[in-house]
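Note sheet for the following structure.
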Amino acid sequence: MSPDLPVAILAGGLATRLRPITSQVPKLLVQVAGEPFFSHQLRLLRKAGLTRVVLCV
């Protein structure tokens, strides 16, 4: 996989299935294992060699 290939992360929506957690915090920032979910996603993408991320909100 090419590191120049952009990856789209879909972050829109109301996250109703995660309520009441998401009533105060956006779903990308919900804590998972002590850090925001978005941090996990970025770390795994970087580990896979991908460096371009498009955040669709």
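Following the order of the structure tokens, chains are lettered A, B, ..., residues in each are numbered from 1, and ligands are numbered from 1.
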Residues of chain A in strand (DSSP E), written as a list in words: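 Filtering chain A down to strand (DSSP E) leaves Val7, Ala8, Ile9, Leu10, Gln31, Val32, Glu35, Pro36, Val53, Val54, Leu55 and Cys56 of chain A.
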Write out, as a CSV table (one decimal), in the first residue's frame, the residues just selected, with C-alpha atoms.
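This is the output file selection_9.csv:
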```csv
chain,number,residue,atom,x,y,z
A,7,VAL,CA,-7.3,7.5,4.0
A,8,ALA,CA,-10.7,8.9,4.7
A,9,ILE,CA,-12.0,8.7,8.3
A,10,LEU,CA,-15.8,9.2,8.5
A,31,GLN,CA,-11.8,7.3,25.7
A,32,VAL,CA,-10.9,3.7,24.8
A,35,GLU,CA,-6.9,7.4,25.1
A,36,PRO,CA,-9.2,8.9,22.5
A,53,VAL,CA,-5.6,11.3,6.5
A,54,VAL,CA,-8.8,13.1,5.5
A,55,LEU,CA,-11.2,13.6,8.3
A,56,CYS,CA,-14.8,13.8,7.0
```
Check chain A with DSSP on the backbone and list each residue it calls helix (DSSP H, G or I), as a list in words.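 The helix (DSSP H, G or I) residues within chain A come out as Thr16, Arg17, Leu18, Ile21, Thr22, Ser23, Lys27, Leu28, Leu29, Phe37, Phe38, Ser39, His40, Gln41, Leu42, Arg43, Leu44, Leu45, Arg46 and Lys47 of chain A.
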Those same residues, written as an mmCIF file, in the first residue's frame with C-alpha atoms?
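Output below, filename result-v2.cif:
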```cif
data_model
loop_
_atom_site.group_PDB
_atom_site.id
_atom_site.type_symbol
_atom_site.label_atom_id
_atom_site.label_comp_id
_atom_site.auth_asym_id
_atom_site.auth_seq_id
_atom_site.Cartn_x
_atom_site.Cartn_y
_atom_site.Cartn_z
ATOM 1 C CA THR A 16 -26.823 7.880 18.956
ATOM 2 C CA ARG A 17 -25.833 4.254 19.622
ATOM 3 C CA LEU A 18 -23.063 5.440 21.938
ATOM 4 C CA ILE A 21 -21.313 8.771 26.405
ATOM 5 C CA THR A 22 -21.560 10.927 23.275
ATOM 6 C CA SER A 23 -24.002 13.419 24.714
ATOM 7 C CA LYS A 27 -17.351 9.972 19.265
ATOM 8 C CA LEU A 28 -13.797 10.456 17.962
ATOM 9 C CA LEU A 29 -12.768 11.679 21.407
ATOM 10 C CA PHE A 37 -10.467 6.540 19.815
ATOM 11 C CA PHE A 38 -9.038 8.866 17.150
ATOM 12 C CA SER A 39 -5.535 8.423 18.602
ATOM 13 C CA HIS A 40 -5.839 4.653 18.205
ATOM 14 C CA GLN A 41 -6.894 5.098 14.573
ATOM 15 C CA LEU A 42 -4.014 7.453 13.754
ATOM 16 C CA ARG A 43 -1.456 5.213 15.447
ATOM 17 C CA LEU A 44 -2.619 2.126 13.535
ATOM 18 C CA LEU A 45 -2.604 4.004 10.226
ATOM 19 C CA ARG A 46 0.915 5.295 10.874
ATOM 20 C CA LYS A 47 2.056 1.781 11.805
#
```
Could you jot down the atom CA of A:Gly49 to atom CA of A:Ser2 separation for me, Å, one decimal place?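 Spanning atom CA of A:Gly49 to atom CA of A:Ser2 is a straight-line distance of 7.8 Å.
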Straight-line distance linking atom CA of A:Thr51 with atom CA of A:Asp4, stated in Å to one decimal: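 These atoms are spaced 6.8 Å apart.
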